Amino acid sequence: MDLKGKKIAVLGAGNLGIAIAQGIVEENLTEAKNIFLTRRHTEQIAHLAKDGFVLTSDNLEAVKASKIVMVCVQPKQLPALIDEINPVLTADHLLVSVITGVSIAEIKELLKIDCAVVRAMPNTAIAIGESMTCICAPDHAEHGIAVQQIFNALGQTLLIEEKMMQAATVLGASGIAFFMRYLRAATQGGVQMGFHSEEAQLIAVQTAKGAASLILENQQHPEVEIDKVTTPEGCTIAGLNEMEHQGLSSALIKGLMVSYEKIKNIK
Ligand SMILES: NC(=O)C1=CN([C@@H]2O[C@H](COP(=O)(O)OP(=O)(O)OC[C@H]3O[C@@H](n4cnc5c(N)ncnc54)[C@H](OP(=O)(O)O)[C@@H]3O)[C@@H](O)[C@H]2O)C=CC1
Ligand SMILES: O=C(O)[C@@H]1CCC=N1
C-alpha cells in the first residue's frame, strides 16, 4: 500500500505507537505531517512536534482526517477508546490493532461499524526499521497484504493465523526485552573480565548482531554455527556446557512459556 499523502492516525502514542510513527517516517513511507499522534497527555510527547508530527488529544479529529487508524493503547484502555471513536469510524477506515491479547472478534464486538480490522504485532525495533512484525487478517486478506506491505518497509513480516498471535507476541515483541537481558549479562561478564563497560557492550552487541545475521543470511540451524565455533577442548564448549548445566536453554524456554501463559490472561 502506498502511504504517500495518506493520513495515518496513531491512537495512543506511547512506546510502541511512537516507534511505529518514527519508523514510518524514517523509512520514507510518508512525511511526519501526515501522521496524527494522539494521547491524553500530549505534553509528554511535545518533543515530537519538532519532527513534524501532528500532536493532539483529539482522537475524533485524528480519525476523521485519516484512512488508516493504528490502535496502540494498552488492552484495558481499548473499550473506552473505541467507544469514543465509534461515532466517526466509517466502513472505509482500516483499523490496525497492535494490542496484545485482544482478538479481532473482540474488537469487532466493540465497533458500531463493519470496517476492516487487521492485527499486527511489531516490536520496538520498528523505530529503526528492524521490526519483526506478525500480521493476521482472517476476514480481510487483501487488507492483510496491504498492511504487510507497510510493515515490510519496517523490518521483516510474517502473515500468520490469529491463533498464533499470542506466541508471536512472546517470541517477537517481548523477545526484544529477553535479548536485551542477555546483552546486559554479557556486558557484565565482559566488565568482570576487564573491559570497560562501553567496550564490553560493543563487543556483546556486535557479536549478537553477527550471530543473528549469520542465521538470517545462511538459513542454517544455530547448532551448525555453534559447531564451527567450538574448538575441541576449547574455551567455547567449556563455557557453553557450563551454561547448559546451569539451565540456560531450560530457563529461556520456561521463561517463554510463563510469558505465553500470562498473555492468555491479559485483559
Ligand atoms: N511496547 C512494546 O514493545 C509492545 C507493545 N504492544 C502493545 O501495544 C500497546 C501499547 O503498548 P505501549 O506502547 O508499550 O504502551 P504505552 O502505555 O506506552 O502507550 C499507550 C499510550 O496510549 C495513550 N492512551 C491511553 N488511552 C488513550 C486514549 N483514550 N486516547 C489516546 N491515547 C490514549 C497513553 O497516553 P495517555 O495516558 O497520555 O493518554 C499512552 O501513551 C499495548 O496494547 C501493548 O500490549 C505490542 C507489541 C510490542
Ligand atoms: O509486555 C507486554 O504485555 C507487551 C506485549 C509485548 C510487549 N509488551
# chains A, B, ... in the order shown; residues from 1 in each chain; ligands from 1
>>> residues_around(residues="Ala21 in chain A", least_positions_apart="6", cutoff="9 Å", atoms="only C-alpha atoms", output="PyMOL selection string")
chain A and resi 10+13+32+35-37+53+126-127
>>> write_last_selection(atoms="N, CA and C atoms", output="PDB file, in the first residue's frame")
ATOM      1  N   VAL A  10      -2.359   7.541  14.703  1.00  0.00           N
ATOM      2  CA  VAL A  10      -1.794   6.609  15.683  1.00  0.00           C
ATOM      3  C   VAL A  10      -2.432   6.957  17.026  1.00  0.00           C
ATOM      4  N   ALA A  13      -0.127   7.276  21.500  1.00  0.00           N
ATOM      5  CA  ALA A  13       1.291   7.451  21.141  1.00  0.00           C
ATOM      6  C   ALA A  13       2.171   7.237  22.370  1.00  0.00           C
ATOM      7  N   ALA A  32       6.061  13.110   8.325  1.00  0.00           N
ATOM      8  CA  ALA A  32       5.531  13.213   9.691  1.00  0.00           C
ATOM      9  C   ALA A  32       4.265  14.060   9.742  1.00  0.00           C
ATOM     10  N   ILE A  35       1.018  12.236   9.892  1.00  0.00           N
ATOM     11  CA  ILE A  35       0.756  11.299  10.994  1.00  0.00           C
ATOM     12  C   ILE A  35       0.246  12.037  12.237  1.00  0.00           C
ATOM     13  N   PHE A  36      -0.959  11.680  12.645  1.00  0.00           N
ATOM     14  CA  PHE A  36      -1.519  12.215  13.893  1.00  0.00           C
ATOM     15  C   PHE A  36      -1.078  11.304  15.033  1.00  0.00           C
ATOM     16  N   LEU A  37      -0.487  11.885  16.046  1.00  0.00           N
ATOM     17  CA  LEU A  37      -0.140  11.123  17.247  1.00  0.00           C
ATOM     18  C   LEU A  37      -1.066  11.595  18.357  1.00  0.00           C
ATOM     19  N   PHE A  53       5.371  15.806  13.445  1.00  0.00           N
ATOM     20  CA  PHE A  53       4.143  15.041  13.691  1.00  0.00           C
ATOM     21  C   PHE A  53       3.030  15.969  14.160  1.00  0.00           C
ATOM     22  N   ILE A 126      10.967  -1.409  15.456  1.00  0.00           N
ATOM     23  CA  ILE A 126      10.307  -0.776  14.307  1.00  0.00           C
ATOM     24  C   ILE A 126      10.772   0.673  14.157  1.00  0.00           C
ATOM     25  N   ALA A 127      11.178   1.276  15.260  1.00  0.00           N
ATOM     26  CA  ALA A 127      11.643   2.678  15.207  1.00  0.00           C
ATOM     27  C   ALA A 127      12.851   2.831  14.297  1.00  0.00           C
TER      28      ALA A 127
END
>>> closest_atom_pairs(of="chain A", to="ligand 1", cutoff="9 Å", atoms="only C-alpha atoms and all ligand atoms", output="tab-separated table")
residue	atom	partner	partner_atom_place_in_ligand_line	distance
A:Val10	CA	ligand 1	31 (C)	8.6
A:Leu11	CA	ligand 1	31 (C)	5.1
A:Gly12	CA	ligand 1	22 (O)	3.3
A:Ala13	CA	ligand 1	41 (O)	4.7
A:Gly14	CA	ligand 1	19 (O)	3.3
A:Asn15	CA	ligand 1	13 (O)	3.7
A:Leu16	CA	ligand 1	13 (O)	3.7
A:Gly17	CA	ligand 1	13 (O)	5.5
A:Ile18	CA	ligand 1	13 (O)	7.5
A:Ala19	CA	ligand 1	13 (O)	8.3
A:Leu37	CA	ligand 1	32 (N)	8.5
A:Thr38	CA	ligand 1	31 (C)	5.1
A:Arg39	CA	ligand 1	32 (N)	3.3
A:Arg40	CA	ligand 1	39 (O)	3.5
A:His41	CA	ligand 1	38 (O)	3.6
A:Thr42	CA	ligand 1	38 (O)	6.1
A:Glu43	CA	ligand 1	38 (O)	8.2
A:Gln44	CA	ligand 1	38 (O)	7.0
A:Ile45	CA	ligand 1	41 (O)	8.6
A:Thr56	CA	ligand 1	31 (C)	8.8
A:Ser57	CA	ligand 1	31 (C)	6.4
A:Asp58	CA	ligand 1	31 (C)	7.8
A:Asn59	CA	ligand 1	30 (N)	6.2
A:Val71	CA	ligand 1	9 (C)	7.8
A:Cys72	CA	ligand 1	9 (C)	4.5
A:Val73	CA	ligand 1	22 (O)	4.0
A:Gln74	CA	ligand 1	43 (O)	3.7
A:Pro75	CA	ligand 1	43 (O)	4.7
A:Lys76	CA	ligand 1	43 (O)	8.1
A:Gln77	CA	ligand 1	26 (N)	5.3
A:Leu78	CA	ligand 1	29 (N)	7.4
A:Pro79	CA	ligand 1	29 (N)	8.8
A:Ala80	CA	ligand 1	29 (N)	6.2
A:Leu81	CA	ligand 1	29 (N)	4.5
A:Ile82	CA	ligand 1	29 (N)	8.3
A:Glu84	CA	ligand 1	29 (N)	7.6
A:Ser97	CA	ligand 1	8 (O)	8.2
A:Val98	CA	ligand 1	8 (O)	5.2
A:Ile99	CA	ligand 1	43 (O)	3.5
A:Thr100	CA	ligand 1	45 (O)	4.0
A:Gly101	CA	ligand 1	45 (O)	7.4
A:Val102	CA	ligand 1	43 (O)	8.4
A:Ala120	CA	ligand 1	46 (C)	8.3
A:Met121	CA	ligand 1	47 (C)	5.3
A:Pro122	CA	ligand 1	47 (C)	5.4
A:Asn123	CA	ligand 1	48 (C)	4.6
A:Thr124	CA	ligand 1	3 (O)	4.9
A:Ala125	CA	ligand 1	3 (O)	8.5
A:Thr133	CA	ligand 1	47 (C)	8.9
A:Thr169	CA	ligand 1	47 (C)	6.5
A:Gly172	CA	ligand 1	48 (C)	8.2
A:Ala173	CA	ligand 1	48 (C)	4.7
A:Ser174	CA	ligand 1	3 (O)	6.4
A:Gly175	CA	ligand 1	3 (O)	8.8
A:Ile176	CA	ligand 1	3 (O)	7.4
A:Ala177	CA	ligand 1	3 (O)	8.2
A:Ile266	CA	ligand 1	45 (O)	8.8
>>> residues_around(residues="range 139-155 of chain A", least_positions_apart="3", cutoff="6 Å", atoms="only C-alpha atoms", output="MDAnalysis selection string")
chainID A and resid 1 126 129:132
>>> atom_distance(atom1="CA of Gln201 in chain A", atom2="CA of Ala185 in chain A")
9.6 Å
>>> residues_around(residues="range 28-31 of chain A", least_positions_apart="6", cutoff="9 Å", atoms="only C-alpha atoms", output="number ranges by chain")
A: 2-7, 52-53, 150, 153
>>> write_last_selection(atoms="N, CA and C atoms", output="compact mmCIF listing (two decimals), in the first residue's frame")
# COMPACT_ATOMS: atom_id res chain seq x y z
N ASP A 2 0.60 2.14 -0.94
CA ASP A 2 1.38 3.38 -0.98
C ASP A 2 0.81 4.35 0.04
N LEU A 3 1.66 4.73 1.00
CA LEU A 3 1.18 5.62 2.06
C LEU A 3 1.35 7.09 1.72
N LYS A 4 2.05 7.37 0.61
CA LYS A 4 2.37 8.76 0.28
C LYS A 4 1.09 9.60 0.24
N GLY A 5 1.09 10.66 1.05
CA GLY A 5 -0.05 11.57 1.06
C GLY A 5 -1.22 11.09 1.90
N LYS A 6 -1.21 9.80 2.29
CA LYS A 6 -2.32 9.28 3.12
C LYS A 6 -2.11 9.70 4.57
N LYS A 7 -3.20 10.04 5.24
CA LYS A 7 -3.09 10.40 6.66
C LYS A 7 -3.24 9.14 7.51
N GLY A 52 7.75 17.25 13.22
CA GLY A 52 6.69 17.48 12.23
C GLY A 52 5.41 16.70 12.44
N PHE A 53 5.37 15.81 13.44
CA PHE A 53 4.14 15.04 13.69
C PHE A 53 3.03 15.97 14.16
N ILE A 150 3.16 -2.28 4.32
CA ILE A 150 3.65 -1.17 5.18
C ILE A 150 4.75 -1.69 6.10
N ALA A 153 8.39 -2.54 5.00
CA ALA A 153 9.38 -1.47 4.92
C ALA A 153 10.00 -1.18 6.28
>>> select_by_dssp(residues="range 11-222 of chain A", states="helix (DSSP H, G or I)", output="PDB file with C-alpha atoms, in the first residue's frame")
ATOM      1  CA  ASN A  15       6.295   3.352  23.490  1.00  0.00           C
ATOM      2  CA  LEU A  16       5.052   1.346  20.511  1.00  0.00           C
ATOM      3  CA  GLY A  17       2.882   3.983  18.801  1.00  0.00           C
ATOM      4  CA  ILE A  18       5.796   6.416  18.707  1.00  0.00           C
ATOM      5  CA  ALA A  19       8.198   3.726  17.475  1.00  0.00           C
ATOM      6  CA  ILE A  20       5.811   2.851  14.611  1.00  0.00           C
ATOM      7  CA  ALA A  21       5.386   6.510  13.640  1.00  0.00           C
ATOM      8  CA  GLN A  22       9.129   7.112  13.748  1.00  0.00           C
ATOM      9  CA  GLY A  23       9.771   4.020  11.643  1.00  0.00           C
ATOM     10  CA  ILE A  24       7.236   5.087   9.011  1.00  0.00           C
ATOM     11  CA  VAL A  25       8.936   8.472   8.666  1.00  0.00           C
ATOM     12  CA  GLU A  26      12.470   7.053   8.934  1.00  0.00           C
ATOM     13  CA  ALA A  32       5.531  13.213   9.691  1.00  0.00           C
ATOM     14  CA  LYS A  33       2.973  15.914   8.896  1.00  0.00           C
ATOM     15  CA  ASN A  34       0.636  13.135   7.673  1.00  0.00           C
ATOM     16  CA  THR A  42       0.149  15.389  24.828  1.00  0.00           C
ATOM     17  CA  GLU A  43       2.650  17.391  26.880  1.00  0.00           C
ATOM     18  CA  GLN A  44       4.526  14.088  27.370  1.00  0.00           C
ATOM     19  CA  ILE A  45       5.265  13.925  23.618  1.00  0.00           C
ATOM     20  CA  ALA A  46       5.726  17.656  22.967  1.00  0.00           C
ATOM     21  CA  HIS A  47       9.307  16.940  21.846  1.00  0.00           C
ATOM     22  CA  LEU A  48       7.918  15.152  18.765  1.00  0.00           C
ATOM     23  CA  ALA A  49       6.324  18.334  17.408  1.00  0.00           C
ATOM     24  CA  LYS A  50       9.716  19.491  16.141  1.00  0.00           C
ATOM     25  CA  ASP A  51       9.884  16.351  13.970  1.00  0.00           C
ATOM     26  CA  ASN A  59      -8.953  11.178  18.727  1.00  0.00           C
ATOM     27  CA  LEU A  60     -12.020  12.162  16.726  1.00  0.00           C
ATOM     28  CA  GLU A  61     -10.119  14.806  14.747  1.00  0.00           C
ATOM     29  CA  ALA A  62      -7.362  12.275  14.003  1.00  0.00           C
ATOM     30  CA  VAL A  63      -9.759   9.526  12.886  1.00  0.00           C
ATOM     31  CA  LYS A  64     -11.870  11.876  10.764  1.00  0.00           C
ATOM     32  CA  ALA A  65      -8.777  13.063   8.892  1.00  0.00           C
ATOM     33  CA  PRO A  75      -5.544  -3.591  26.348  1.00  0.00           C
ATOM     34  CA  LYS A  76      -7.629  -2.225  29.215  1.00  0.00           C
ATOM     35  CA  GLN A  77      -7.770   1.222  27.546  1.00  0.00           C
ATOM     36  CA  LEU A  78      -9.289  -0.157  24.320  1.00  0.00           C
ATOM     37  CA  PRO A  79     -13.037  -0.249  25.143  1.00  0.00           C
ATOM     38  CA  ALA A  80     -13.116   3.444  26.129  1.00  0.00           C
ATOM     39  CA  LEU A  81     -11.123   4.423  23.039  1.00  0.00           C
ATOM     40  CA  ILE A  82     -13.370   2.503  20.639  1.00  0.00           C
ATOM     41  CA  ASP A  83     -16.429   3.943  22.390  1.00  0.00           C
ATOM     42  CA  GLU A  84     -15.033   7.399  21.787  1.00  0.00           C
ATOM     43  CA  ILE A  85     -14.191   6.966  18.084  1.00  0.00           C
ATOM     44  CA  ASN A  86     -17.241   4.871  17.122  1.00  0.00           C
ATOM     45  CA  PRO A  87     -19.267   7.939  16.001  1.00  0.00           C
ATOM     46  CA  VAL A  88     -16.645   8.925  13.382  1.00  0.00           C
ATOM     47  CA  ILE A 104     -10.355  -9.310  16.034  1.00  0.00           C
ATOM     48  CA  ALA A 105     -13.737 -10.731  17.093  1.00  0.00           C
ATOM     49  CA  GLU A 106     -13.460  -8.868  20.420  1.00  0.00           C
ATOM     50  CA  ILE A 107     -12.558  -5.621  18.635  1.00  0.00           C
ATOM     51  CA  LYS A 108     -15.457  -6.047  16.196  1.00  0.00           C
ATOM     52  CA  GLU A 109     -17.816  -6.527  19.128  1.00  0.00           C
ATOM     53  CA  LEU A 110     -16.849  -3.051  20.341  1.00  0.00           C
ATOM     54  CA  THR A 124      10.059  -1.654  19.302  1.00  0.00           C
ATOM     55  CA  ALA A 125      12.877  -2.130  16.752  1.00  0.00           C
ATOM     56  CA  ILE A 126      10.307  -0.776  14.307  1.00  0.00           C
ATOM     57  CA  ALA A 127      11.643   2.678  15.207  1.00  0.00           C
ATOM     58  CA  ILE A 128      14.803   1.816  13.235  1.00  0.00           C
ATOM     59  CA  ALA A 141      -6.959 -10.986   3.266  1.00  0.00           C
ATOM     60  CA  GLU A 142      -6.438  -8.058   0.866  1.00  0.00           C
ATOM     61  CA  HIS A 143      -6.113  -5.630   3.781  1.00  0.00           C
ATOM     62  CA  GLY A 144      -3.716  -8.017   5.481  1.00  0.00           C
ATOM     63  CA  ILE A 145      -1.466  -7.886   2.428  1.00  0.00           C
ATOM     64  CA  ALA A 146      -1.725  -4.091   2.289  1.00  0.00           C
ATOM     65  CA  VAL A 147      -0.752  -3.807   5.952  1.00  0.00           C
ATOM     66  CA  GLN A 148       2.063  -6.300   5.380  1.00  0.00           C
ATOM     67  CA  GLN A 149       3.448  -4.022   2.662  1.00  0.00           C
ATOM     68  CA  ILE A 150       3.650  -1.171   5.179  1.00  0.00           C
ATOM     69  CA  PHE A 151       5.405  -3.281   7.782  1.00  0.00           C
ATOM     70  CA  ASN A 152       7.702  -4.851   5.146  1.00  0.00           C
ATOM     71  CA  GLU A 162      -4.795 -15.389  14.506  1.00  0.00           C
ATOM     72  CA  LYS A 163      -4.452 -18.315  16.930  1.00  0.00           C
ATOM     73  CA  MET A 164      -0.640 -17.833  16.712  1.00  0.00           C
ATOM     74  CA  MET A 165      -0.724 -14.125  17.658  1.00  0.00           C
ATOM     75  CA  GLN A 166      -0.020 -14.736  21.340  1.00  0.00           C
ATOM     76  CA  ALA A 167       3.015 -16.891  20.604  1.00  0.00           C
ATOM     77  CA  ALA A 168       4.180 -14.252  18.117  1.00  0.00           C
ATOM     78  CA  THR A 169       3.889 -11.594  20.830  1.00  0.00           C
ATOM     79  CA  VAL A 170       6.049 -13.539  23.277  1.00  0.00           C
ATOM     80  CA  LEU A 171       8.702 -14.540  20.737  1.00  0.00           C
ATOM     81  CA  GLY A 172       8.843 -11.335  18.685  1.00  0.00           C
ATOM     82  CA  ALA A 173       7.621  -8.430  20.811  1.00  0.00           C
ATOM     83  CA  GLY A 175      11.664 -11.035  22.685  1.00  0.00           C
ATOM     84  CA  ILE A 176      13.292  -7.619  22.473  1.00  0.00           C
ATOM     85  CA  ALA A 177      13.377  -7.447  26.272  1.00  0.00           C
ATOM     86  CA  PHE A 178      14.616 -11.033  26.568  1.00  0.00           C
ATOM     87  CA  PHE A 179      17.542 -10.413  24.204  1.00  0.00           C
ATOM     88  CA  MET A 180      18.337  -7.116  25.977  1.00  0.00           C
ATOM     89  CA  ARG A 181      18.759  -9.016  29.235  1.00  0.00           C
ATOM     90  CA  TYR A 182      21.236 -11.367  27.524  1.00  0.00           C
ATOM     91  CA  LEU A 183      23.157  -8.312  26.281  1.00  0.00           C
ATOM     92  CA  ARG A 184      23.256  -6.806  29.752  1.00  0.00           C
ATOM     93  CA  ALA A 185      24.525 -10.047  31.289  1.00  0.00           C
ATOM     94  CA  ALA A 186      27.167 -10.458  28.567  1.00  0.00           C
ATOM     95  CA  THR A 187      28.309  -6.887  29.168  1.00  0.00           C
ATOM     96  CA  GLN A 188      28.572  -7.523  32.912  1.00  0.00           C
ATOM     97  CA  GLY A 189      30.656 -10.625  32.211  1.00  0.00           C
ATOM     98  CA  GLY A 190      32.913  -8.588  29.927  1.00  0.00           C
ATOM     99  CA  VAL A 191      33.444  -5.984  32.648  1.00  0.00           C
ATOM    100  CA  GLN A 192      34.359  -8.701  35.150  1.00  0.00           C
ATOM    101  CA  SER A 197      31.525  -1.293  30.173  1.00  0.00           C
ATOM    102  CA  GLU A 198      31.182   0.548  26.859  1.00  0.00           C
ATOM    103  CA  GLU A 199      33.818  -1.715  25.292  1.00  0.00           C
ATOM    104  CA  ALA A 200      32.154  -4.827  26.713  1.00  0.00           C
ATOM    105  CA  GLN A 201      28.757  -3.638  25.454  1.00  0.00           C
ATOM    106  CA  LEU A 202      30.066  -3.004  21.936  1.00  0.00           C
ATOM    107  CA  ILE A 203      31.645  -6.459  21.787  1.00  0.00           C
ATOM    108  CA  ALA A 204      28.478  -8.133  23.106  1.00  0.00           C
ATOM    109  CA  VAL A 205      26.106  -6.202  20.843  1.00  0.00           C
ATOM    110  CA  GLN A 206      28.083  -6.544  17.602  1.00  0.00           C
ATOM    111  CA  THR A 207      28.595 -10.250  18.347  1.00  0.00           C
ATOM    112  CA  ALA A 208      24.857 -10.735  18.876  1.00  0.00           C
ATOM    113  CA  LYS A 209      24.180  -8.884  15.618  1.00  0.00           C
ATOM    114  CA  GLY A 210      26.723 -11.077  13.814  1.00  0.00           C
ATOM    115  CA  ALA A 211      25.190 -14.272  15.229  1.00  0.00           C
ATOM    116  CA  ALA A 212      21.678 -13.213  14.172  1.00  0.00           C
ATOM    117  CA  SER A 213      22.905 -12.121  10.723  1.00  0.00           C
ATOM    118  CA  LEU A 214      24.642 -15.472  10.149  1.00  0.00           C
ATOM    119  CA  ILE A 215      21.369 -17.302  10.698  1.00  0.00           C
ATOM    120  CA  LEU A 216      19.331 -14.794   8.666  1.00  0.00           C
ATOM    121  CA  GLU A 217      21.721 -14.958   5.724  1.00  0.00           C
ATOM    122  CA  ASN A 218      22.722 -18.637   5.774  1.00  0.00           C
ATOM    123  CA  PRO A 222      22.043 -22.425  15.077  1.00  0.00           C
TER     124      PRO A 222
END
>>> select_by_dssp(residues="range 122-257 of chain A", states="strand (DSSP E or B)", output="list in words")
Ser131, Met132, Thr133, Cys134, Ile135, Cys136, Gly155, Gln156, Thr157, Leu158 and Leu159 of chain A
>>> write_last_selection(atoms="N, CA and C atoms", output="compact mmCIF listing (two decimals), in the first residue's frame")
# COMPACT_ATOMS: atom_id res chain seq x y z
N SER A 131 11.99 -4.19 12.73
CA SER A 131 10.99 -4.95 13.49
C SER A 131 10.81 -6.35 12.93
N MET A 132 10.33 -7.24 13.78
CA MET A 132 9.74 -8.49 13.30
C MET A 132 8.25 -8.32 13.57
N THR A 133 7.48 -8.26 12.50
CA THR A 133 6.05 -7.97 12.67
C THR A 133 5.21 -9.14 12.15
N CYS A 134 4.41 -9.73 13.04
CA CYS A 134 3.48 -10.77 12.63
C CYS A 134 2.11 -10.15 12.43
N ILE A 135 1.44 -10.56 11.36
CA ILE A 135 0.19 -9.91 10.96
C ILE A 135 -0.86 -10.99 10.73
N CYS A 136 -2.10 -10.69 11.16
CA CYS A 136 -3.19 -11.58 10.77
C CYS A 136 -4.40 -10.77 10.37
N GLY A 155 11.02 -3.67 8.52
CA GLY A 155 11.65 -4.88 9.06
C GLY A 155 11.13 -6.09 8.32
N GLN A 156 11.09 -7.23 9.00
CA GLN A 156 10.57 -8.45 8.37
C GLN A 156 9.14 -8.70 8.85
N THR A 157 8.37 -9.40 8.01
CA THR A 157 6.98 -9.67 8.37
C THR A 157 6.62 -11.13 8.11
N LEU A 158 5.58 -11.54 8.77
CA LEU A 158 5.04 -12.88 8.55
C LEU A 158 3.53 -12.79 8.70
N LEU A 159 2.79 -13.31 7.70
CA LEU A 159 1.33 -13.41 7.85
C LEU A 159 1.04 -14.71 8.58
>>> residues_around(residues="Asp92 in chain A", least_positions_apart="3", cutoff="10 Å", atoms="only C-alpha atoms", output="PyMOL selection string")
chain A and resi 67-68+89+95+113-116
>>> atom_distance(atom1="CA of Val118 in chain A", atom2="CA of Ser66 in chain A")
16.0 Å
>>> atom_distance(atom1="atom 6 (C, counted along the ligand's line) of ligand 2", atom2="CA of His93 in chain A")
25.3 Å
>>> residues_around(residues="range 239-243 of chain A", least_positions_apart="3", cutoff="12 Å", atoms="only C-alpha atoms", output="VMD selection string")
chain A and resid 223 226 to 227 229 to 231 233 to 236 246 to 252
